[in-house]
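Listing of target-v4.cif, mmCIF, C-alpha atoms
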data_data
loop_
_atom_site.label_atom_id
_atom_site.label_comp_id
_atom_site.auth_asym_id
_atom_site.auth_seq_id
_atom_site.Cartn_x
_atom_site.Cartn_y
_atom_site.Cartn_z
CA MET A 27 0.00 0.00 0.00
CA ARG A 28 2.81 2.44 0.82
CA SER A 29 4.17 2.09 -2.72
CA SER A 30 0.90 3.57 -3.98
CA LEU A 31 1.16 6.72 -1.87
CA LEU A 32 2.85 9.96 -2.83
CA ASP A 33 6.64 9.64 -2.83
CA LEU A 34 8.01 12.33 -0.49
CA ALA A 35 11.68 11.44 -1.04
CA PRO A 36 12.41 14.49 -3.25
CA LEU A 37 11.26 16.81 -0.46
CA ARG A 38 13.37 14.96 2.11
CA ASP A 39 16.52 14.60 0.03
CA SER A 40 16.83 17.96 -1.74
CA VAL A 41 16.66 21.27 0.09
CA ALA A 42 16.63 23.13 -3.22
CA PHE A 43 13.68 21.14 -4.51
CA ARG A 44 11.84 21.65 -1.22
CA ARG A 45 12.18 25.42 -1.63
CA LEU A 46 11.14 25.19 -5.28
CA TRP A 47 8.05 23.19 -4.30
CA LEU A 48 7.07 25.62 -1.56
CA GLY A 49 7.51 28.61 -3.85
CA GLY A 50 5.60 26.95 -6.68
CA THR A 51 2.69 26.07 -4.40
CA ALA A 52 2.55 29.60 -2.99
CA SER A 53 2.65 31.03 -6.51
CA ALA A 54 -0.16 28.71 -7.68
CA PHE A 55 -2.25 29.67 -4.65
CA ALA A 56 -1.72 33.36 -5.43
CA ALA A 57 -2.79 32.75 -9.03
CA GLN A 58 -6.07 31.17 -7.93
CA LEU A 59 -6.83 34.07 -5.58
CA ALA A 60 -6.06 36.54 -8.36
CA VAL A 61 -8.32 34.78 -10.87
CA ILE A 62 -11.41 34.85 -8.65
CA ALA A 63 -10.75 38.44 -7.51
CA VAL A 64 -10.14 39.79 -11.03
CA LEU A 65 -13.21 38.07 -12.48
CA PHE A 66 -15.38 39.38 -9.62
CA HIS A 67 -13.97 42.88 -10.00
CA VAL A 68 -14.46 43.03 -13.79
CA TRP A 69 -17.99 41.60 -13.54
CA GLU A 70 -18.95 44.12 -10.85
CA GLU A 71 -17.67 47.00 -12.99
CA THR A 72 -19.12 45.93 -16.34
CA GLY A 73 -21.75 43.20 -15.90
CA SER A 74 -20.51 41.91 -19.25
CA PRO A 75 -19.53 38.29 -20.00
CA LEU A 76 -17.51 39.67 -22.90
CA ALA A 77 -15.40 41.64 -20.46
CA THR A 78 -14.82 38.64 -18.20
CA GLY A 79 -13.92 36.60 -21.26
CA LEU A 80 -11.42 39.31 -22.20
CA VAL A 81 -9.59 38.63 -18.92
CA GLY A 82 -8.81 35.11 -20.09
CA LEU A 83 -7.81 36.24 -23.57
CA VAL A 84 -5.46 38.94 -22.28
CA SER A 85 -3.89 36.50 -19.84
CA ALA A 86 -3.45 33.78 -22.48
CA VAL A 87 -1.83 36.11 -25.03
CA ALA A 88 0.55 37.65 -22.48
CA MET A 89 1.43 34.25 -21.01
CA THR A 90 2.18 32.76 -24.44
CA ALA A 91 4.42 35.69 -25.39
CA GLY A 92 6.27 35.44 -22.09
CA SER A 93 6.68 31.68 -22.39
CA LEU A 94 8.21 31.85 -25.87
CA LEU A 95 10.79 34.40 -24.72
CA GLY A 96 11.32 32.77 -21.32
CA GLY A 97 12.09 29.38 -22.83
CA THR A 98 15.14 30.76 -24.60
CA ALA A 99 16.14 32.80 -21.55
CA ALA A 100 16.08 29.63 -19.43
CA ASP A 101 18.61 28.02 -21.77
CA VAL A 102 21.05 30.94 -21.88
CA HIS A 103 20.88 32.42 -18.36
CA ASP A 104 20.95 31.29 -14.74
CA ARG A 105 17.46 29.81 -14.34
CA THR A 106 17.09 30.80 -10.70
CA ARG A 107 17.99 34.40 -11.60
CA VAL A 108 15.30 34.42 -14.29
CA LEU A 109 12.83 33.07 -11.75
CA ARG A 110 13.77 35.71 -9.17
CA TRP A 111 13.07 38.59 -11.53
CA THR A 112 9.86 37.16 -12.94
CA THR A 113 8.48 36.33 -9.48
CA LEU A 114 9.30 39.88 -8.41
CA GLY A 115 7.39 41.13 -11.46
CA GLN A 116 4.36 39.09 -10.43
CA LEU A 117 4.61 40.49 -6.90
CA VAL A 118 4.68 44.07 -8.23
CA ALA A 119 1.58 43.36 -10.35
CA ALA A 120 -0.22 41.90 -7.32
CA LEU A 121 0.65 44.95 -5.24
CA GLY A 122 -0.71 47.13 -8.05
CA LEU A 123 -3.97 45.19 -8.02
CA THR A 124 -4.15 45.61 -4.25
CA VAL A 125 -3.62 49.37 -4.36
CA GLN A 126 -6.12 49.98 -7.15
CA ALA A 127 -8.78 48.08 -5.18
CA LEU A 128 -8.36 50.09 -1.96
CA PRO A 129 -11.46 52.07 -0.94
CA GLY A 130 -11.09 55.65 -2.08
CA LEU A 131 -8.42 54.78 -4.66
CA ALA A 132 -10.36 52.38 -6.88
CA LEU A 133 -11.07 53.62 -10.39
CA GLY A 134 -14.53 52.79 -11.69
CA GLY A 135 -15.94 51.87 -15.08
CA HIS A 136 -13.82 51.19 -18.13
CA THR A 137 -10.81 53.09 -16.79
CA GLY A 138 -10.57 50.79 -13.80
CA VAL A 139 -11.10 47.69 -15.94
CA THR A 140 -8.37 48.80 -18.36
CA LEU A 141 -5.93 49.22 -15.47
CA VAL A 142 -6.85 45.78 -14.09
CA LEU A 143 -6.37 44.16 -17.51
CA GLY A 144 -2.97 45.83 -17.84
CA LEU A 145 -1.87 44.45 -14.47
CA VAL A 146 -3.27 41.02 -15.37
CA ALA A 147 -1.26 41.10 -18.60
CA GLY A 148 1.91 42.06 -16.72
CA ASN A 149 1.41 39.28 -14.19
CA ALA A 150 0.71 36.70 -16.92
CA PHE A 151 3.74 37.77 -18.96
CA CYS A 152 6.05 37.42 -15.96
CA ALA A 153 4.51 34.06 -15.01
CA GLY A 154 4.93 32.78 -18.56
CA PHE A 155 8.50 34.09 -18.80
CA GLY A 156 9.49 32.28 -15.62
CA ALA A 157 7.55 29.09 -16.30
CA ALA A 158 10.26 27.41 -18.39
CA SER A 159 12.91 28.07 -15.74
CA ARG A 160 10.62 26.76 -12.98
CA ARG A 161 9.68 23.63 -14.95
CA SER A 162 13.26 22.80 -15.91
CA LEU A 163 14.79 23.22 -12.43
CA PRO A 164 13.59 19.90 -10.94
CA ALA A 165 15.83 18.02 -13.38
CA ARG A 166 18.81 19.97 -11.98
CA PHE A 167 17.87 19.50 -8.32
CA LEU A 168 16.87 15.81 -8.40
CA GLU A 169 18.31 12.52 -9.56
CA ALA A 170 16.64 11.08 -12.66
CA ALA A 171 15.04 8.29 -10.60
CA GLN A 172 13.31 10.86 -8.37
CA LEU A 173 12.18 13.19 -11.15
CA PRO A 174 8.70 11.66 -11.76
CA ALA A 175 7.97 11.82 -8.02
CA GLY A 176 9.15 15.43 -7.93
CA ILE A 177 6.85 16.40 -10.78
CA ALA A 178 3.98 14.63 -9.01
CA LEU A 179 4.66 16.71 -5.87
CA LEU A 180 4.70 19.94 -7.87
CA HIS A 181 1.41 19.04 -9.54
CA LEU A 182 -0.13 18.10 -6.18
CA GLY A 183 0.70 21.56 -4.86
CA THR A 184 -1.03 23.11 -7.88
CA GLN A 185 -4.09 20.90 -7.42
CA ALA A 186 -4.33 21.84 -3.74
CA ALA A 187 -4.17 25.52 -4.71
CA MET A 188 -6.92 24.99 -7.29
CA LEU A 189 -9.10 23.31 -4.69
CA LEU A 190 -8.64 25.82 -1.89
CA GLY A 191 -7.74 29.09 -3.61
CA PRO A 192 -11.05 30.01 -5.27
CA ALA A 193 -13.06 29.10 -2.17
CA LEU A 194 -10.84 31.19 0.10
CA GLY A 195 -10.89 34.03 -2.43
CA GLY A 196 -14.69 34.11 -2.36
CA VAL A 197 -14.70 34.17 1.44
CA LEU A 198 -12.13 36.98 1.58
CA ILE A 199 -14.01 39.10 -0.96
CA GLY A 200 -17.33 38.59 0.81
CA ALA A 201 -16.00 39.26 4.30
CA PHE A 202 -13.25 41.86 3.79
CA GLY A 203 -13.41 43.14 0.21
CA LEU A 204 -11.35 42.92 -2.97
CA ALA A 205 -8.31 44.72 -1.62
CA THR A 206 -7.86 42.12 1.11
CA CYS A 207 -8.06 39.27 -1.39
CA PHE A 208 -5.46 40.92 -3.62
CA GLY A 209 -3.36 41.61 -0.53
CA VAL A 210 -3.32 37.94 0.46
CA CYS A 211 -2.35 37.16 -3.14
CA ALA A 212 0.60 39.55 -2.81
CA ALA A 213 1.57 37.95 0.53
CA ALA A 214 1.63 34.50 -1.09
CA LEU A 215 3.85 35.83 -3.89
CA THR A 216 6.15 37.34 -1.26
CA VAL A 217 6.61 33.83 0.15
CA ALA A 218 7.25 32.52 -3.37
CA TRP A 219 9.87 35.24 -3.98
CA TRP A 220 11.59 34.52 -0.67
CA THR A 221 11.94 30.83 -1.55
CA VAL A 222 13.32 31.65 -5.01
CA LEU A 223 15.91 33.99 -3.50
CA ARG A 224 17.21 31.03 -1.49
CA LEU A 225 17.63 28.70 -4.47
CA PRO A 226 21.18 27.86 -5.58
CA ARG A 227 22.59 29.30 -8.77
CA VAL A 228 22.01 27.13 -11.86
CA ALA A 229 24.56 27.94 -14.55
CA PRO A 230 23.39 27.67 -18.17
CA PRO A 231 24.78 24.82 -20.29
CA PRO A 232 28.22 25.49 -21.86
CA GLY A 233 28.14 27.40 -25.14
CA SER A 234 24.54 28.49 -24.74
CA GLY A 235 25.22 32.21 -25.00
CA ALA A 236 25.57 32.41 -28.76
CA ARG A 237 22.60 33.75 -30.76
CA PRO A 238 20.24 33.48 -27.78
CA TRP A 239 17.00 34.65 -29.38
CA ALA A 240 17.66 32.81 -32.65
CA MET A 241 17.54 29.63 -30.54
CA THR A 242 13.76 29.97 -30.12
CA TRP A 243 13.05 28.55 -33.59
CA GLU A 244 15.48 25.71 -32.90
CA GLY A 245 13.43 24.82 -29.83
CA VAL A 246 10.22 24.74 -31.88
CA ARG A 247 11.85 22.42 -34.42
CA HIS A 248 13.08 20.16 -31.62
CA VAL A 249 9.54 19.75 -30.24
CA SER A 250 8.12 18.99 -33.69
CA ARG A 251 10.60 16.21 -34.53
CA PRO A 252 9.46 12.57 -34.32
CA GLY A 253 9.96 11.22 -30.82
CA ALA A 254 8.51 10.79 -27.37
CA VAL A 255 8.08 14.52 -26.72
CA ARG A 256 6.02 15.06 -29.87
CA GLY A 257 3.89 12.06 -28.96
CA ALA A 258 3.35 13.27 -25.41
CA PHE A 259 2.40 16.78 -26.58
CA GLY A 260 0.12 15.42 -29.33
CA THR A 261 -1.69 13.16 -26.87
CA ASP A 262 -2.30 16.10 -24.55
CA LEU A 263 -3.53 18.33 -27.37
CA PHE A 264 -6.05 15.78 -28.60
CA ALA A 265 -7.44 15.45 -25.07
CA THR A 266 -7.63 19.17 -24.30
CA LEU A 267 -8.59 20.65 -27.66
CA LEU A 268 -11.40 18.17 -28.33
CA VAL A 269 -12.89 17.45 -24.91
CA MET A 270 -12.67 20.28 -22.35
CA PRO A 271 -15.76 20.60 -20.11
CA VAL A 272 -15.35 23.83 -18.11
CA SER A 273 -17.09 26.20 -20.54
CA LEU A 274 -20.01 23.75 -20.72
CA PHE A 275 -20.59 23.51 -16.96
CA PRO A 276 -23.22 26.30 -16.87
CA MET A 277 -25.09 24.90 -19.88
CA ILE A 278 -25.21 21.35 -18.52
CA ASN A 279 -26.07 22.66 -15.07
CA ASP A 280 -29.08 24.50 -16.52
CA LEU A 281 -30.09 21.56 -18.70
CA ARG A 282 -29.85 18.78 -16.12
CA LEU A 283 -29.85 20.42 -12.66
CA ASP A 284 -32.08 23.51 -12.96
CA GLY A 285 -29.10 25.89 -12.87
CA ALA A 286 -28.45 25.84 -9.12
CA PRO A 287 -25.21 27.74 -8.32
CA GLU A 288 -24.32 25.20 -5.63
CA THR A 289 -24.19 22.35 -8.16
CA LEU A 290 -22.18 24.49 -10.57
CA GLY A 291 -19.53 24.98 -7.88
CA LEU A 292 -19.50 21.26 -7.11
CA MET A 293 -18.53 20.50 -10.70
CA THR A 294 -15.32 22.49 -10.54
CA THR A 295 -14.55 21.15 -7.07
CA SER A 296 -15.02 17.55 -8.20
CA VAL A 297 -12.38 17.88 -10.92
CA ALA A 298 -9.88 19.33 -8.43
CA ALA A 299 -10.74 16.74 -5.77
CA GLY A 300 -10.14 13.87 -8.21
CA GLY A 301 -6.83 15.40 -9.23
CA LEU A 302 -5.78 15.86 -5.62
CA LEU A 303 -6.58 12.24 -4.76
CA ALA A 304 -4.63 11.00 -7.76
CA GLY A 305 -1.70 13.13 -6.66
CA VAL A 306 -1.75 11.58 -3.18
CA LEU A 307 -1.76 8.12 -4.76
CA SER A 308 0.78 9.01 -7.45
CA GLY A 309 3.33 6.49 -6.18
CA THR A 310 1.49 3.95 -8.34
CA VAL A 311 2.50 5.96 -11.40
CA VAL A 312 5.91 7.46 -10.67
CA ARG A 313 7.48 4.08 -9.88
CA ARG A 314 6.39 2.58 -13.20
CA GLN A 315 8.67 2.26 -16.21
CA ARG A 316 6.24 2.64 -19.13
CA LEU A 317 5.35 6.27 -18.62
CA GLY A 318 4.27 6.76 -22.23
CA ARG A 319 1.69 4.00 -22.00
CA PHE A 320 0.42 5.43 -18.73
CA GLN A 321 -0.04 8.84 -20.35
CA SER A 322 -1.96 7.36 -23.28
CA ALA A 323 -4.18 5.35 -20.93
CA ALA A 324 -4.81 8.37 -18.67
CA ALA A 325 -5.75 10.56 -21.64
CA ALA A 326 -8.19 7.88 -22.81
CA VAL A 327 -9.76 7.68 -19.34
CA TRP A 328 -10.12 11.48 -19.36
CA CYS A 329 -12.09 11.28 -22.61
CA LEU A 330 -14.29 8.38 -21.44
CA ALA A 331 -15.04 10.07 -18.12
CA LEU A 332 -16.13 13.28 -19.82
CA ILE A 333 -18.24 11.37 -22.31
CA GLY A 334 -19.90 9.81 -19.27
CA TYR A 335 -20.36 13.26 -17.74
CA GLY A 336 -22.03 14.49 -20.90
CA LEU A 337 -24.46 11.56 -20.86
CA SER A 338 -25.17 11.51 -17.10
CA PRO A 339 -28.76 12.44 -16.14
CA ALA A 340 -28.19 13.16 -12.42
CA LEU A 341 -25.76 14.97 -10.11
CA ALA A 342 -24.09 11.97 -8.45
CA PRO A 343 -22.84 10.26 -11.64
CA MET A 344 -21.85 13.66 -13.04
CA LEU A 345 -19.61 14.42 -10.06
CA LEU A 346 -18.17 10.89 -10.12
CA CYS A 347 -17.26 11.24 -13.80
CA LEU A 348 -15.69 14.66 -13.21
CA ALA A 349 -13.62 13.35 -10.28
CA LEU A 350 -12.41 10.47 -12.46
CA ALA A 351 -11.53 12.96 -15.20
CA GLY A 352 -9.57 15.07 -12.71
CA ALA A 353 -7.64 12.02 -11.54
CA ALA A 354 -6.85 11.00 -15.12
CA ASP A 355 -5.69 14.54 -15.91
CA THR A 356 -3.25 14.45 -12.98
CA VAL A 357 -1.75 11.14 -14.18
CA SER A 358 -1.45 12.52 -17.71
CA VAL A 359 0.26 15.72 -16.55
CA ILE A 360 2.72 13.85 -14.31
CA THR A 361 3.72 11.34 -16.97
CA ARG A 362 3.96 13.95 -19.71
CA GLY A 363 6.15 16.18 -17.56
CA ALA A 364 8.44 13.31 -16.57
CA ILE A 365 8.89 12.19 -20.18
CA VAL A 366 9.67 15.72 -21.35
CA GLN A 367 12.23 16.37 -18.62
CA LEU A 368 13.90 12.97 -18.86
CA VAL A 369 14.46 12.84 -22.62
CA THR A 370 15.23 16.50 -23.36
CA PRO A 371 18.90 17.58 -23.25
CA ASP A 372 19.54 20.23 -20.63
CA SER A 373 20.72 22.67 -23.32
CA ARG A 374 17.17 22.69 -24.73
CA ARG A 375 15.16 21.93 -21.63
CA GLY A 376 14.11 25.54 -21.09
CA ARG A 377 12.64 25.97 -24.57
CA VAL A 378 10.92 22.60 -24.53
CA SER A 379 9.54 23.34 -21.05
CA ALA A 380 8.19 26.63 -22.41
CA ALA A 381 6.39 24.74 -25.17
CA GLU A 382 4.96 22.37 -22.57
CA HIS A 383 3.72 25.31 -20.52
CA VAL A 384 1.99 26.87 -23.55
CA ILE A 385 0.35 23.54 -24.43
CA GLY A 386 -0.72 22.92 -20.84
CA ALA A 387 -2.13 26.44 -20.37
CA ALA A 388 -3.34 27.55 -23.81
CA GLY A 389 -4.61 24.13 -24.93
CA PRO A 390 -7.43 24.00 -22.34
CA ASP A 391 -8.42 27.61 -23.12
CA LEU A 392 -8.74 26.81 -26.82
CA GLY A 393 -10.52 23.55 -25.99
CA ASN A 394 -13.09 25.39 -23.90
CA ALA A 395 -13.63 27.90 -26.70
CA ARG A 396 -14.14 25.05 -29.21
CA ALA A 397 -16.54 23.27 -26.85
CA GLY A 398 -18.62 26.39 -26.39
CA LEU A 399 -18.81 27.07 -30.13
CA VAL A 400 -19.87 23.51 -30.96
CA ALA A 401 -22.34 23.46 -28.07
CA GLN A 402 -23.95 26.60 -29.48
CA LEU A 403 -24.71 24.60 -32.62
CA VAL A 404 -25.52 21.09 -31.36
CA GLY A 405 -25.85 21.34 -27.57
CA ALA A 406 -23.44 20.72 -24.68
CA PRO A 407 -23.89 16.91 -24.37
CA ALA A 408 -23.28 16.37 -28.09
CA SER A 409 -20.24 18.67 -27.96
CA LEU A 410 -18.67 16.61 -25.17
CA VAL A 411 -19.55 13.18 -26.56
CA GLY A 412 -18.53 13.99 -30.14
CA GLY A 413 -15.29 15.63 -29.05
CA GLY A 414 -14.53 12.75 -26.71
CA VAL A 415 -14.92 10.15 -29.46
CA LEU A 416 -12.70 12.12 -31.85
CA ALA A 417 -10.08 12.59 -29.11
CA LEU A 418 -10.06 8.85 -28.38
CA VAL A 419 -9.36 8.16 -32.05
CA GLY A 420 -6.47 10.65 -32.07
CA ILE A 421 -4.96 9.36 -28.82
CA GLY A 422 -5.18 5.79 -30.06
CA TRP A 423 -3.57 6.75 -33.36
CA ILE A 424 -0.58 8.31 -31.57
CA ALA A 425 -0.28 5.32 -29.21
CA VAL A 426 -0.09 2.94 -32.20
CA ARG A 427 2.08 5.06 -34.49
CA ASN A 428 4.56 6.65 -32.07
CA ARG A 429 6.71 3.80 -30.80
CA HIS A 430 9.04 6.25 -29.03
CA LEU A 431 6.21 7.20 -26.69
CA ARG A 432 4.79 3.68 -26.50
CA ASP A 433 8.12 1.97 -25.74
CA PHE A 434 9.61 4.67 -23.53
CA ARG A 435 11.08 3.25 -20.32
CA ARG A 436 12.02 5.56 -17.47
CA SER A 437 15.24 3.69 -16.62
CA ASP A 438 16.44 3.18 -20.21
CA GLU A 439 19.05 5.87 -20.82
CA ARG A 440 19.28 4.96 -24.50
CA TRP A 441 16.04 6.81 -25.14
CA THR A 442 16.53 10.44 -26.05
CA ASP A 443 14.16 12.53 -28.07
CA ARG A 444 16.01 12.07 -31.36
CA GLY A 445 13.68 9.69 -33.12
CA GLU A 446 15.78 6.57 -32.51
CA PRO A 447 17.24 4.94 -29.39
#

Entire entry expressed as structure tokens:
Amino acid sequence: MRSSLLDLAPLRDSVAFRRLWLGGTASAFAAQLAVIAVLFHVWEETGSPLATGLVGLVSAVAMTAGSLLGGTAADVHDRTRVLRWTTLGQLVAALGLTVQALPGLALGGHTGVTLVLGLVAGNAFCAGFGAASRRSLPARFLEAAQLPAGIALLHLGTQAAMLLGPALGGVLIGAFGLATCFGVCAAALTVAWWTVLRLPRVAPPPGSGARPWAMTWEGVRHVSRPGAVRGAFGTDLFATLLVMPVSLFPMINDLRLDGAPETLGLMTTSVAAGGLLAGVLSGTVVRRQRLGRFQSAAAAVWCLALIGYGLSPALAPMLLCLALAGAADTVSVITRGAIVQLVTPDSRRGRVSAAEHVIGAAGPDLGNARAGLVAQLVGAPASLVGGGVLALVGIGWIAVRNRHLRDFRRSDERWTDRGEP
């Protein structure tokens, strides 16, 4: 039974990884507080779903731009130094959000919304810029055998933040106001910055200083070459682009459950709860050798669970399907991250990690947009079921055709992402 539980060895054995984990969890918690506070603020000022949707669009564009630049920076500079500056930038943005929300200082109407969107863009750009450095540091702080467990711990911290952050944000806004919520967000980022300041220096790989920004295209070509990384990214894209449920929650809630806000909240919580449970039991996954097969299986379970959610007539089976989907998503993220970090040379790990961050963050946003558009034409259940079937076909096609992903073994050092062992 103990072999099934979360492997805590990376936290025990590496002080640097322990600080990285604490800072990453604090940063994820701050992000969840910021999301709920910004959405509430923009809705209160405008009453427009278009304006709240613009928050996500601004964040996605700024994050993608930052990630593309930050991936190259992570391969040519000290990664902890990059992370220090970008975390400081996030902290400054959070302090700006706090100040603008103070009673007597808050700007109303479109002027206030424009300022908030500008600060959201700055925060997202800094987060995206530092993401590649943060994602590539575990491979420098941990032995290869501990890397999957380390990634599982990082993902567990994010899942816990997703479960607790929005709920706490709502309580803080209701009891103390927006400024307090933004202030707690800034406090969490202060903790994250303090942990990053205490990380050891991580020198860039030798010879990485030449033509730094021209290296970005080289990183894109590396990701697109045949191999385990392309298979892992393709599997994730099929699952997220074709079967994302979040934008359909309100529609299905109205259709099946009379639109009660309590049941709408339970849907989001169920996904996070399933992911958190899978993280606690991640020892079952991280100790396995065939990580590529586990990712393919987890992506397939994600699709089947959401097909089941789309067909479920009552609340209980809906929540069960969503919890199963959340658990499958956690397994998929852990295995994908381990494969990417294990097979990518350190000289390119920053750029490849940046691509992974864009896929992991922008893919779900695009998937939710696709789901909403299709649901407008054929209904939410048909959008989920049809997308799920198509995603299963795509995931199965990659599993059959990409032998590098299918045959990848964690302990086999012959496998690098070059197309051949």

**OP:** Name every residue that the PyMOL selection byres ((chain A and resi 151) around 10) selects in this structure, writing the answer as a count of residues only with chains first and numbers rising.
**Re:** 27

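Note that the spacing between atom CA of Gly97 of chain A and atom CA of Phe259 of chain A amounts to 16.3 Å.
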
**OP:** Would you write out, as a PyMOL selection string, every residue that the PyMOL selection byres ((chain A and resi 358-362) around 8) captures in this file?
**Re:** chain A and resi 174+177-178+181+258-259+262+311-312+317-318+320-322+324-325+354-357+363-366

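Using only C-alpha atoms, the shortest contact distance between Ala353 of chain A and any of A:Val378, A:Ala35, A:Cys329, A:Leu283 is found at A:Cys329.
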
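Relative to atom CA of Met188 of chain A, atom CA of Trp220 of chain A is found at 21.8 Å.
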
Original post:
Near Ala57 of chain A, counting only C-alpha atoms, which residues have an atom at most 10 Å away, once you skip same-chain residues fewer than 2 positions from it, shown as a PyMOL selection string?
Top reply: chain A and resi 51-55+59-63+116+120+149-150+153+184+187-188+191-192+211-212+214-215

Original post:
For the atom pair atom CA of Trp47 of chain A and atom CA of Phe66 of chain A, what is the interatomic distance in Å to one decimal place?
Top reply: 29.0 Å

Subject >> Non-local contacts of Ser159 of chain A (6 Å; all atoms listed in the file; under 3 positions in same chain excluded) as JSON, numbers by chain >> reply: {"A": [100, 105, 156, 162]}

Suppose we keep C-alpha atoms; can you now write the selection as an mmCIF file, in the coordinates of the input?
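Produced file part_12.cif, reproduced below:
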data_model
loop_
_atom_site.group_PDB
_atom_site.id
_atom_site.type_symbol
_atom_site.label_atom_id
_atom_site.label_comp_id
_atom_site.auth_asym_id
_atom_site.auth_seq_id
_atom_site.Cartn_x
_atom_site.Cartn_y
_atom_site.Cartn_z
ATOM 1 C CA ALA A 100 16.080 29.630 -19.430
ATOM 2 C CA ARG A 105 17.460 29.810 -14.340
ATOM 3 C CA GLY A 156 9.490 32.280 -15.620
ATOM 4 C CA SER A 162 13.260 22.800 -15.910
#

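Matched in the shown structure by the PyMOL selection byres ((chain A and resi 302) around 8): Leu182, Gln185, Ala186, Ala298, Ala299, Gly300, Gly301, Leu303, Ala304, Gly305, Val306, Ala353 and Thr356 of chain A.
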
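Candidate residues A:Gly412, A:Pro407, A:Gly144, A:Gly420 were compared for distance to Ala326 of chain A, and the nearest is A:Gly420, using only C-alpha atoms.
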
Original post:
Nearest to Leu173 of chain A: which of A:Glu71, A:Leu37, A:Ile424, A:Val400 is it, counting only C-alpha atoms?
Top reply: A:Leu37

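For the residues A:Val197, A:Leu189, A:Arg107, A:Val81, ranking by smallest atom-to-atom distance to Leu143 of chain A using only C-alpha atoms places A:Val81 first.
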
Could I see segment 34-46 of chain A restored to N, CA, C and O atoms, set down as a PDB file, in the frame of the given file?
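Dumped everything to result-v4.pdb:
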ATOM      1  N   LEU A  34       7.519  11.080  -1.082  1.00  0.00           N
ATOM      2  CA  LEU A  34       8.010  12.330  -0.490  1.00  0.00           C
ATOM      3  C   LEU A  34       9.526  12.436  -0.487  1.00  0.00           C
ATOM      4  O   LEU A  34      10.075  13.418   0.021  1.00  0.00           O
ATOM      5  N   ALA A  35      10.219  11.440  -1.072  1.00  0.00           N
ATOM      6  CA  ALA A  35      11.680  11.440  -1.040  1.00  0.00           C
ATOM      7  C   ALA A  35      12.302  12.703  -1.628  1.00  0.00           C
ATOM      8  O   ALA A  35      13.287  13.223  -1.074  1.00  0.00           O
ATOM      9  N   PRO A  36      11.791  13.260  -2.742  1.00  0.00           N
ATOM     10  CA  PRO A  36      12.410  14.490  -3.250  1.00  0.00           C
ATOM     11  C   PRO A  36      12.389  15.639  -2.253  1.00  0.00           C
ATOM     12  O   PRO A  36      13.342  16.426  -2.193  1.00  0.00           O
ATOM     13  N   LEU A  37      11.327  15.755  -1.466  1.00  0.00           N
ATOM     14  CA  LEU A  37      11.260  16.810  -0.460  1.00  0.00           C
ATOM     15  C   LEU A  37      12.249  16.558   0.676  1.00  0.00           C
ATOM     16  O   LEU A  37      12.818  17.500   1.246  1.00  0.00           O
ATOM     17  N   ARG A  38      12.443  15.295   1.026  1.00  0.00           N
ATOM     18  CA  ARG A  38      13.370  14.960   2.110  1.00  0.00           C
ATOM     19  C   ARG A  38      14.818  15.121   1.674  1.00  0.00           C
ATOM     20  O   ARG A  38      15.663  15.589   2.449  1.00  0.00           O
ATOM     21  N   ASP A  39      15.121  14.728   0.450  1.00  0.00           N
ATOM     22  CA  ASP A  39      16.520  14.600   0.030  1.00  0.00           C
ATOM     23  C   ASP A  39      17.113  15.864  -0.573  1.00  0.00           C
ATOM     24  O   ASP A  39      18.338  15.980  -0.657  1.00  0.00           O
ATOM     25  N   SER A  40      16.303  16.785  -1.047  1.00  0.00           N
ATOM     26  CA  SER A  40      16.830  17.960  -1.740  1.00  0.00           C
ATOM     27  C   SER A  40      16.242  19.234  -1.130  1.00  0.00           C
ATOM     28  O   SER A  40      15.047  19.504  -1.266  1.00  0.00           O
ATOM     29  N   VAL A  41      17.098  20.003  -0.480  1.00  0.00           N
ATOM     30  CA  VAL A  41      16.660  21.270   0.090  1.00  0.00           C
ATOM     31  C   VAL A  41      16.217  22.232  -1.017  1.00  0.00           C
ATOM     32  O   VAL A  41      15.217  22.941  -0.889  1.00  0.00           O
ATOM     33  N   ALA A  42      16.967  22.242  -2.115  1.00  0.00           N
ATOM     34  CA  ALA A  42      16.630  23.130  -3.220  1.00  0.00           C
ATOM     35  C   ALA A  42      15.262  22.800  -3.800  1.00  0.00           C
ATOM     36  O   ALA A  42      14.455  23.697  -4.074  1.00  0.00           O
ATOM     37  N   PHE A  43      14.988  21.504  -3.981  1.00  0.00           N
ATOM     38  CA  PHE A  43      13.680  21.140  -4.510  1.00  0.00           C
ATOM     39  C   PHE A  43      12.582  21.476  -3.525  1.00  0.00           C
ATOM     40  O   PHE A  43      11.490  21.892  -3.932  1.00  0.00           O
ATOM     41  N   ARG A  44      12.851  21.325  -2.237  1.00  0.00           N
ATOM     42  CA  ARG A  44      11.840  21.650  -1.220  1.00  0.00           C
ATOM     43  C   ARG A  44      11.476  23.139  -1.306  1.00  0.00           C
ATOM     44  O   ARG A  44      10.297  23.504  -1.220  1.00  0.00           O
ATOM     45  N   ARG A  45      12.462  23.990  -1.491  1.00  0.00           N
ATOM     46  CA  ARG A  45      12.180  25.420  -1.630  1.00  0.00           C
ATOM     47  C   ARG A  45      11.436  25.702  -2.934  1.00  0.00           C
ATOM     48  O   ARG A  45      10.523  26.534  -2.968  1.00  0.00           O
ATOM     49  N   LEU A  46      11.828  25.014  -4.002  1.00  0.00           N
ATOM     50  CA  LEU A  46      11.140  25.190  -5.280  1.00  0.00           C
ATOM     51  C   LEU A  46       9.676  24.777  -5.165  1.00  0.00           C
ATOM     52  O   LEU A  46       8.782  25.459  -5.685  1.00  0.00           O
TER      53      LEU A  46
END
